[in-house]
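Here the structure is laid out as structure tokens; the discussion comes afterwards.
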Amino acid sequence: MTAPFDRDGIALVGFDGDDTLWKSEDYYRRAEEEFEQILGRYIDLQDAGTARHLLEVERRNLGVFGYGAKGMTLSMIEAAVELTDAAIDAHDIRAIVEIGRRTLQHPVELIDGVREAVAQIARDFEVVLITKGDLFHQEQKIEQSGLSDLFPRIEVVSEKDPQTYARVLSEFDLPPARFVMVGNSLRSDIEPVLTLGGWGIHTPYAVTWAHETEHGVQAGDSRVYEVDQAAGWPQAVAEIARVACGGEAGIGDSGLGIR
């Protein structure tokens, strides 16, 4: 049975989806490699700064296309036209579209230990899945992940910023100080929650999109716990709950890496 909201301390734990519960960025990296192979037939990739140019195009398109494989594909087409001075032919434009299609259809592979960890936390706390990206694609991944039964509430959002988290917390009628967010991105999963006064558990993934590496989280922030693997999440949440109720912050006997 989940703990009631009227108790002191932590009451709600949020989880990111991509690269926290299941693998994602690996497929986007593969898509970028295939994109560069196509452009390599037209330009010198190093001189053109292909990866940097694509990132710039993706960033300026986020407000229009949003996050995810569809936005990436449209940005790849735009970047290809720009980098080749419109010399890229229709056959290769179609090949870029197919890169996007394969990325949208990639299998959903859970990261080791996530189901067990979420289930253990859900026995003591309310849990919510808060994932960012294209609604249709995210819904597909959630269904294929086999984790939806663990989450009474699932939020697919277009952006993860303080306003988004504040809205979710208001619907739970919960102050940020009683919320913990678990995720791989300091920019999207941790920093906005800290801004509101909440807590974060950061579990880095092996690869990270360059856009997500830019953040303002300060080293040494006592409200951010570094945990290498999902198996450590329950212990980290328990430690945060203890500290939030007045205990002293510190690694102690928990073995947790705390920023």
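Naming works like this for the structure tokens: A, B, ... for the chains as they're shown, residue 1 at the start of each chain, ligands 1 onward in shown order.
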
Query raised in the report: Quick one: residues within 12 Å of A:Leu169, only C-alpha atoms counted, chain neighbours fewer than 4 positions away excluded, as a ChimeraX atom specification?
Result: /A:11-14,127-128,130,153,155,162-165,173-181,193,196-198

Report task. Name the residues in contact with A:Val217 at a cut-off of 8 Å, using only C-alpha atoms, excluding same-chain residues fewer than 2 positions from it; report them as a VMD selection string. Result -> chain A and resid 186 to 187 190 to 191 215 219 221

Query raised in the report: Quick one: residues within 12 Å of A:Ala86, only C-alpha atoms counted, chain neighbours fewer than 5 positions away excluded, as a list in words?
Result: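 Here the qualifying residues turn out to be Leu39, Tyr42, Ile43, Ile77, Glu78, Ala79, Ala80, Val81, Asp92 and Ile93 of chain A.
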
Requested in this report: Name the residues in contact with stretch 131-144 of chain A at a cut-off of 9 Å, using only C-alpha atoms, excluding same-chain residues fewer than 2 positions from it; report them as a list of chain:residue names.
Outcome: A:Phe15, A:Asp16, A:Gly17, A:Asp18, A:Trp22, A:Gly66, A:Tyr67, A:Gly68, A:Ala69, A:Lys70, A:Gly71, A:Leu104, A:Gln105, A:Pro107, A:Val108, A:Glu109, A:Leu129, A:Gly146, A:Leu147, A:Ser148, A:Ile154, A:Glu155, A:Val156, A:Val157, A:Ser158, A:Glu159, A:Lys160, A:Ser188

Requested in this report: Find the spatial neighbours of stretch 226-240 of chain A, counting only C-alpha atoms, within a cut-off of 6 Å - ignore same-chain residues fewer than 4 positions away - and output them as a PyMOL selection string.
Outcome: chain A and resi 113-114+117+121+201-203+244+257-258

Requested in this report: Could you tell me how far atom CA of A:Arg60 lies from atom CA of A:Asp26, in Å and to one decimal?
Outcome: 22.7 Å
